[in-house]
Amino acid sequence: MIEIKKLKKSFGNLLVWDDVTFNIEDGETVAIIGRSGCGKSVLMKHINALLYPDSGEVLIDGENIHKQEYVKLRKMRHRFGVLFQGSALFDSINTFENVAFPLRYFTKQTEKDIKYNVEQALEIVGLVEAMYKETSELSGGMRKRVALARATILQPDYMMYDEPTSGLDPETSDEINQLIMEMSNSLNITSIVVTHDMHSVLEVADKVAFLDHGKLSWHGSVTEMKTSTHDELMRFVRASEYQI
């Protein structure tokens, strides 16, 4: 379980948010939503200690991730997979080498085992046939799927998705949403999804955390969100392309 307790973060004189507190249960998919600049991605980076808070704490199974020595912190970070907004693939190597990279860097697997595990990861995202394609040959949706295969190749306990459907057409967005759900169910991964896409929220999320005006303004289930009378939350939802 991830426990986020009274997090406060500022950059200079700019307060991002104050007293962000909520839990993410094992196996749960939580969507973090809010207007641009409200600190969604900043919060995600606090959860795996890429950023440190001014005060407050993030507990991973009871351990404060921000108070770990370097070796222990690296081990804790290995429990996280990240799908970056721009996919962050290496342009100089092909699909196989992109997905194999974490195995080569963080494990001592043989080439035979690496090939087997890469094939399995690409099969899950439906891209075995693209194994030896160059990155430049991949469409936007294919890049996302390759990046997802790479992010899950080390079998993380937690997956973090930063705007996973950004820049994709509706059909490809639906494919990514389906993959997020399949990863959560088949691999028993706890997922954190930062998104503006309310259609994705409705498709993949169990819970929603709404950041607004420098605080966690609302937190609850998707079912509760659909019947919420929270003014700012509903104004944000109604402004979306998709309606509840």
# chains A, B, ... in the order shown; residues from 1 in each chain; ligands from 1

$ residues_around --residues "Val237 of chain A" --least-positions-apart "4" --cutoff "12 Å" --atoms "only C-alpha atoms" --output "compact mmCIF listing (two decimals) with N, CA and C atoms, in the first residue's frame"
# COMPACT_ATOMS: atom_id res chain seq x y z
N ILE A 33 -6.16 13.77 -11.29
CA ILE A 33 -6.67 14.71 -12.27
C ILE A 33 -6.58 16.14 -11.74
N GLY A 34 -6.76 17.10 -12.64
CA GLY A 34 -6.74 18.50 -12.27
C GLY A 34 -6.25 19.34 -13.44
N ARG A 35 -6.38 20.64 -13.29
CA ARG A 35 -6.00 21.55 -14.37
C ARG A 35 -4.49 21.52 -14.62
N HIS A 196 -5.56 14.14 -18.17
CA HIS A 196 -6.64 15.11 -18.37
C HIS A 196 -7.85 14.43 -19.02
N ASP A 197 -7.67 13.20 -19.44
CA ASP A 197 -8.65 12.51 -20.27
C ASP A 197 -9.70 11.83 -19.39
N MET A 198 -10.88 12.44 -19.27
CA MET A 198 -11.92 11.89 -18.40
C MET A 198 -12.45 10.56 -18.93
N HIS A 199 -12.37 10.36 -20.25
CA HIS A 199 -12.77 9.07 -20.80
C HIS A 199 -11.87 7.97 -20.24
N VAL A 201 -10.23 8.11 -17.39
CA VAL A 201 -10.57 7.98 -15.96
C VAL A 201 -11.74 7.02 -15.77
N LEU A 202 -12.78 7.22 -16.57
CA LEU A 202 -13.97 6.37 -16.45
C LEU A 202 -13.69 4.93 -16.85
N VAL A 208 -10.24 8.32 -7.69
CA VAL A 208 -9.82 9.58 -8.32
C VAL A 208 -9.31 10.53 -7.23
N PHE A 210 -8.38 14.53 -7.03
CA PHE A 210 -8.53 15.78 -7.77
C PHE A 210 -7.74 16.89 -7.07
N VAL A 222 -14.77 6.29 -8.49
CA VAL A 222 -15.36 6.78 -9.73
C VAL A 222 -16.88 6.83 -9.58
N MET A 225 -17.69 9.88 -7.75
CA MET A 225 -17.47 11.06 -8.59
C MET A 225 -18.67 11.34 -9.48
N LYS A 226 -19.28 10.27 -9.99
CA LYS A 226 -20.41 10.44 -10.91
C LYS A 226 -21.60 11.13 -10.25
N THR A 227 -21.71 11.00 -8.94
CA THR A 227 -22.85 11.61 -8.23
C THR A 227 -22.42 12.75 -7.31
N SER A 228 -21.16 13.20 -7.47
CA SER A 228 -20.62 14.22 -6.57
C SER A 228 -21.30 15.57 -6.80
N THR A 229 -21.40 16.34 -5.71
CA THR A 229 -21.90 17.72 -5.80
C THR A 229 -20.76 18.72 -5.54
N HIS A 230 -19.52 18.22 -5.59
CA HIS A 230 -18.35 19.08 -5.40
C HIS A 230 -18.23 20.00 -6.61
N ASP A 231 -18.40 21.31 -6.38
CA ASP A 231 -18.52 22.27 -7.48
C ASP A 231 -17.30 22.28 -8.40
N GLU A 232 -16.09 22.41 -7.83
CA GLU A 232 -14.90 22.51 -8.65
C GLU A 232 -14.63 21.22 -9.41
N LEU A 233 -14.85 20.09 -8.76
CA LEU A 233 -14.67 18.81 -9.44
C LEU A 233 -15.61 18.68 -10.62
N GLU A 241 -14.00 16.87 -22.75
CA GLU A 241 -14.66 16.49 -24.00
C GLU A 241 -15.71 15.40 -23.76
N TYR A 242 -15.48 14.60 -22.70
CA TYR A 242 -16.37 13.49 -22.40
C TYR A 242 -17.23 13.84 -21.20
N GLN A 243 -18.46 13.41 -21.22
CA GLN A 243 -19.41 13.68 -20.16
C GLN A 243 -19.72 12.42 -19.38
N ILE A 244 -19.88 12.57 -18.07
CA ILE A 244 -20.27 11.43 -17.24
C ILE A 244 -21.76 11.16 -17.43

$ residues_around --residues "Val204 of chain A" --least-positions-apart "3" --cutoff "7 Å" --atoms "only C-alpha atoms" --output "ChimeraX atom specification"
/A:29,177,180-181,200-201

$ write_last_selection --atoms "C-alpha atoms" --output "JSON list (two decimals), in the first residue's frame"
[["chain", "number", "residue", "atom", "x", "y", "z"],
["A", 29, "THR", "CA", -5.91, 2.08, -10.10],
["A", 177, "ASN", "CA", -6.74, 2.12, -21.77],
["A", 180, "ILE", "CA", -3.71, -0.46, -18.58],
["A", 181, "MET", "CA", -6.66, -2.50, -17.34],
["A", 200, "SER", "CA", -9.62, 7.27, -19.57],
["A", 201, "VAL", "CA", -10.57, 7.98, -15.96]]

$ closest_residue --among "A:Ile192, A:Val71, A:Glu57, A:Val118" --to "Gln155 of chain A" --atoms "only C-alpha atoms"
A:Val118

$ atom_distance --atom1 "atom CA of Thr21 of chain A" --atom2 "atom CA of Lys6 of chain A"
5.1 Å

$ residues_around --residues "segment 123-135 of chain A" --least-positions-apart "5" --cutoff "10 Å" --atoms "only C-alpha atoms" --output "number ranges by chain"
A: 89-99, 117-118, 142-149, 175-176, 179, 182-183

$ write_last_selection --atoms "C-alpha atoms" --output "PDB file, in the first residue's frame"
ATOM      1  CA  LEU A  89      12.275   5.481 -26.152  1.00  0.00           C
ATOM      2  CA  PHE A  90      15.904   5.478 -27.261  1.00  0.00           C
ATOM      3  CA  ASP A  91      15.910   6.527 -30.922  1.00  0.00           C
ATOM      4  CA  SER A  92      19.295   4.961 -31.625  1.00  0.00           C
ATOM      5  CA  ILE A  93      18.228   1.363 -30.898  1.00  0.00           C
ATOM      6  CA  ASN A  94      15.392  -0.842 -32.108  1.00  0.00           C
ATOM      7  CA  THR A  95      12.279  -2.104 -30.316  1.00  0.00           C
ATOM      8  CA  PHE A  96      13.963  -5.246 -28.981  1.00  0.00           C
ATOM      9  CA  GLU A  97      16.878  -3.322 -27.478  1.00  0.00           C
ATOM     10  CA  ASN A  98      14.573  -0.680 -25.968  1.00  0.00           C
ATOM     11  CA  VAL A  99      12.565  -3.316 -24.113  1.00  0.00           C
ATOM     12  CA  ASN A 117      11.275 -12.126 -21.655  1.00  0.00           C
ATOM     13  CA  VAL A 118      11.279  -9.404 -24.316  1.00  0.00           C
ATOM     14  CA  MET A 142       3.205   1.689 -31.145  1.00  0.00           C
ATOM     15  CA  ARG A 143       5.733   3.808 -29.259  1.00  0.00           C
ATOM     16  CA  LYS A 144       3.406   3.875 -26.238  1.00  0.00           C
ATOM     17  CA  ARG A 145       3.017   0.102 -26.339  1.00  0.00           C
ATOM     18  CA  VAL A 146       6.764  -0.500 -26.656  1.00  0.00           C
ATOM     19  CA  ALA A 147       7.338   1.877 -23.746  1.00  0.00           C
ATOM     20  CA  LEU A 148       4.712  -0.011 -21.740  1.00  0.00           C
ATOM     21  CA  ALA A 149       6.447  -3.322 -22.476  1.00  0.00           C
ATOM     22  CA  GLU A 175      -6.221   0.405 -26.915  1.00  0.00           C
ATOM     23  CA  ILE A 176      -3.913   1.965 -24.320  1.00  0.00           C
ATOM     24  CA  LEU A 179      -3.774  -2.407 -21.864  1.00  0.00           C
ATOM     25  CA  GLU A 182      -5.132  -5.769 -18.539  1.00  0.00           C
ATOM     26  CA  MET A 183      -1.826  -4.975 -16.831  1.00  0.00           C
TER      27      MET A 183
END

$ select_by_dssp --residues "segment 10-200 of chain A" --states "strand (DSSP E)" --output "ChimeraX atom specification"
/A:10-11,14-24,29-34,55-60,63-64,80-83,158-162,190-194

$ closest_atom_pairs --of "segment 193-231 of chain A" --to "segment 158-172 of chain A" --cutoff "6 Å" --atoms "only C-alpha atoms" --output "tab-separated table"
residue	atom	partner	partner_atom	distance
A:Val193	CA	A:Tyr161	CA	4.7
A:Val194	CA	A:Asp162	CA	5.0
A:Thr195	CA	A:Glu163	CA	4.6

$ write_last_selection --atoms "C-alpha atoms" --output "PDB file, in the first residue's frame"
ATOM      1  CA  VAL A 193      -2.545   7.448 -13.837  1.00  0.00           C
ATOM      2  CA  VAL A 194      -1.954  11.182 -14.346  1.00  0.00           C
ATOM      3  CA  THR A 195      -4.383  12.368 -16.999  1.00  0.00           C
TER       4      THR A 195
END

$ closest_residue --among "A:Gln120, A:Gln178, A:Ser10, A:Asn23" --to "Ser55 of chain A" --atoms "only C-alpha atoms"
A:Ser10

$ closest_residue --among "A:Ser217, A:Ser139, A:Thr223, A:Ser191" --to "Met44 of chain A" --atoms "only C-alpha atoms"
A:Ser191

$ closest_residue --among "A:Glu203, A:Asp212, A:Glu224, A:Asp157" --to "Ser36 of chain A" --atoms "only C-alpha atoms"
A:Asp212

$ closest_residue --among "A:Arg150, A:Lys207, A:His213, A:Lys8" --to "Gly81 of chain A" --atoms "only C-alpha atoms"
A:Arg150

$ atom_distance --atom1 "atom CA of Leu50 of chain A" --atom2 "atom CA of Leu138 of chain A"
28.8 Å

$ atom_distance --atom1 "atom CA of Gln68 of chain A" --atom2 "atom CA of Ser41 of chain A"
21.9 Å
